[in-house]
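Enquirer: Once you've had a glance at the structure underneath, I'll fire off some questions.
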Amino acid sequence: MTKVALAGSSGSLGTAVLQQLVAAGFEITALTRTAGKVPVGLPNVTEVVVNFENKDSLIEALRGHEAVVSTTGSQSKQAQLALIDAAVAAGVSRFVPSSFGSDYHDPENRALPVYADFIAVEEYLGQLAADNKITWTSVANNGFLDWGLKQRFFLDVVERRCTLWDGGDHLVSFTRLSAVGQAVVGILKHPDETRNRIVYIQEAEASLKDLVNIVNELHPAGADSWVLPLQSTKDAVAESYAALAKGQLDMSVLMGFLVRAALRPEASHFKKNDNDLLGVKLLSRVGLKAAVAEIIENIPGVL
């Protein structure tokens, strides 16, 4: 596969995936809603403005491509299904859906409402694959290390606060956005081995307490400077279900589900992965420390 269409190329993940596709030498069409979303001068990258609600517009843009990668994130299920239909009509052979993150194939995670759209998209792709109309690959990378630190999802390096979910001692799989891009490149280079399945990657395996220790080594302030409340992911998801039953649907509600999926001990660490196949390297502790240092030096307020 050499010619790839990328939807969502201007987002945090899309930008990282685009950079890795460029570095690997693919011919890329960046699908955008408005012009000027893609940096000028990138080799082998063509920006094409499309109407994502117009099937004919999408089909025309996708003709001649071998793969479509979607990194649209919050795009609706219906919009992603429309992109899949257009890919099939245009003769695309591989679709990588925007289903990145925790392992939604884990039975408990699969029942969480935040993954309903992921599952619906994959089931639709499965039906099309059974009819030999297209193939698919999805990516599980669990915690986005760089995004999670910048957004204070795992811990707050400025306020020095980290909720130790379920004790905070168990291993968690972490992956930077760039490594997710490497995995996408690996999928396209190994279409047979990745055909119609989910692949698993991780750049680092560390506990939340490990991350706290690393940050403290980089910016010493003493253990007493950290606020480390203990909290249960089981309680968090129960609270989210209770709020959902009352009609509340906001980020605080979604957070309980996401925390349960990413940080529950039974699902947080990928014991088996596809790193070797996809070219993703596992960082040593020294490498993880260097990665964390690079991430947090760009976070305002870090001492």
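To be explicit about the labels: the chains of the structure tokens are called A, B, and onward in the order shown, and within each one the residues are counted from 1, while ligands get numbers from 1 in the order they are shown.
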From the DSSP assignment of the backbone, select every residue of stretch 32-75 of chain A that is alpha helix (DSSP H), and format the answer as a PyMOL selection string.
Expert: chain A and resi 55-62
Enquirer: Using DSSP on the backbone coordinates, identify the residues of stretch 112-203 of chain A assigned to strand (DSSP E or B); present them as a ChimeraX atom specification.
Expert: /A:135-140,143-144,156,161,164-165,172-175,197-200
Enquirer: Looking at only C-alpha atoms, which of A:Ile84, A:Ile296, A:Val253, A:Leu288 is the one that sits closest to A:Ile59?
Expert: A:Ile84
Enquirer: Skip A:Val17 itself and residues of its chain fewer than 2 positions away, then list as a PyMOL selection string all residues within 10 Å of it, counting only C-alpha atoms.
Expert: chain A and resi 6+8-15+19-23+69-71+177-185
Enquirer: Separation of atom CA of A:Val49 and atom CA of A:Lys77, in Å?
Expert: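 The value is 20.6 Å.
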Enquirer: By how many Å are atom CA of A:Arg33 and atom CA of A:Gly101 apart?
Expert: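 That distance, rounded to one decimal, is 24.5 Å.
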Enquirer: Fewer than 5 positions away in the same chain doesn't count, so skip those; otherwise give me all residues within 12 Å of stretch 129-135 of chain A, counting only C-alpha atoms, as a compact mmCIF listing (two decimals) with C-alpha atoms, in the first residue's frame.
Expert:
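Final file, result-v9.txt:
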```
# COMPACT_ATOMS: atom_id res chain seq x y z
CA GLU A 66 -5.52 1.82 -1.23
CA ALA A 67 -6.22 2.79 2.38
CA VAL A 68 -8.19 5.28 4.44
CA ILE A 84 -16.58 3.76 5.11
CA ASP A 85 -19.35 3.55 2.50
CA ALA A 86 -17.49 6.00 0.31
CA ALA A 87 -14.26 4.00 0.72
CA VAL A 88 -16.04 0.84 -0.41
CA ALA A 89 -17.59 2.62 -3.40
CA ALA A 90 -14.18 4.02 -4.36
CA GLY A 91 -12.51 0.60 -4.22
CA VAL A 92 -10.36 1.23 -1.13
CA SER A 93 -8.98 -2.02 0.30
CA ARG A 94 -8.12 -1.09 3.94
CA PHE A 95 -9.87 1.13 6.49
CA VAL A 96 -8.34 2.11 9.83
CA PRO A 97 -11.18 3.53 11.97
CA GLU A 122 -16.21 -2.28 13.77
CA GLU A 123 -19.26 -4.50 13.39
CA TYR A 124 -20.18 -2.67 10.19
CA ILE A 187 -0.37 -1.70 9.45
CA LEU A 188 -0.07 -0.38 5.91
CA PRO A 191 -1.64 -5.64 5.36
CA ASP A 192 -1.87 -9.43 5.49
CA GLU A 193 -0.72 -9.80 9.09
CA THR A 194 -3.06 -7.03 10.28
CA ARG A 195 -6.10 -7.91 8.19
CA ASN A 196 -9.48 -7.67 9.93
CA ARG A 197 -8.27 -7.47 13.52
CA ILE A 198 -7.34 -5.16 16.33
```
Enquirer: From the set A:Gly25, A:Gly64, A:Gly168, A:Gly41, which residue has the shortest atom-to-atom contact distance to A:Leu230, counting only C-alpha atoms?
Expert: A:Gly168
Enquirer: For the atom pair atom CA of A:Gly126 and atom CA of A:Leu81, what is the interatomic distance in Å to one decimal place?
Expert: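 Going from atom CA of A:Gly126 over to atom CA of A:Leu81 covers 12.3 Å.
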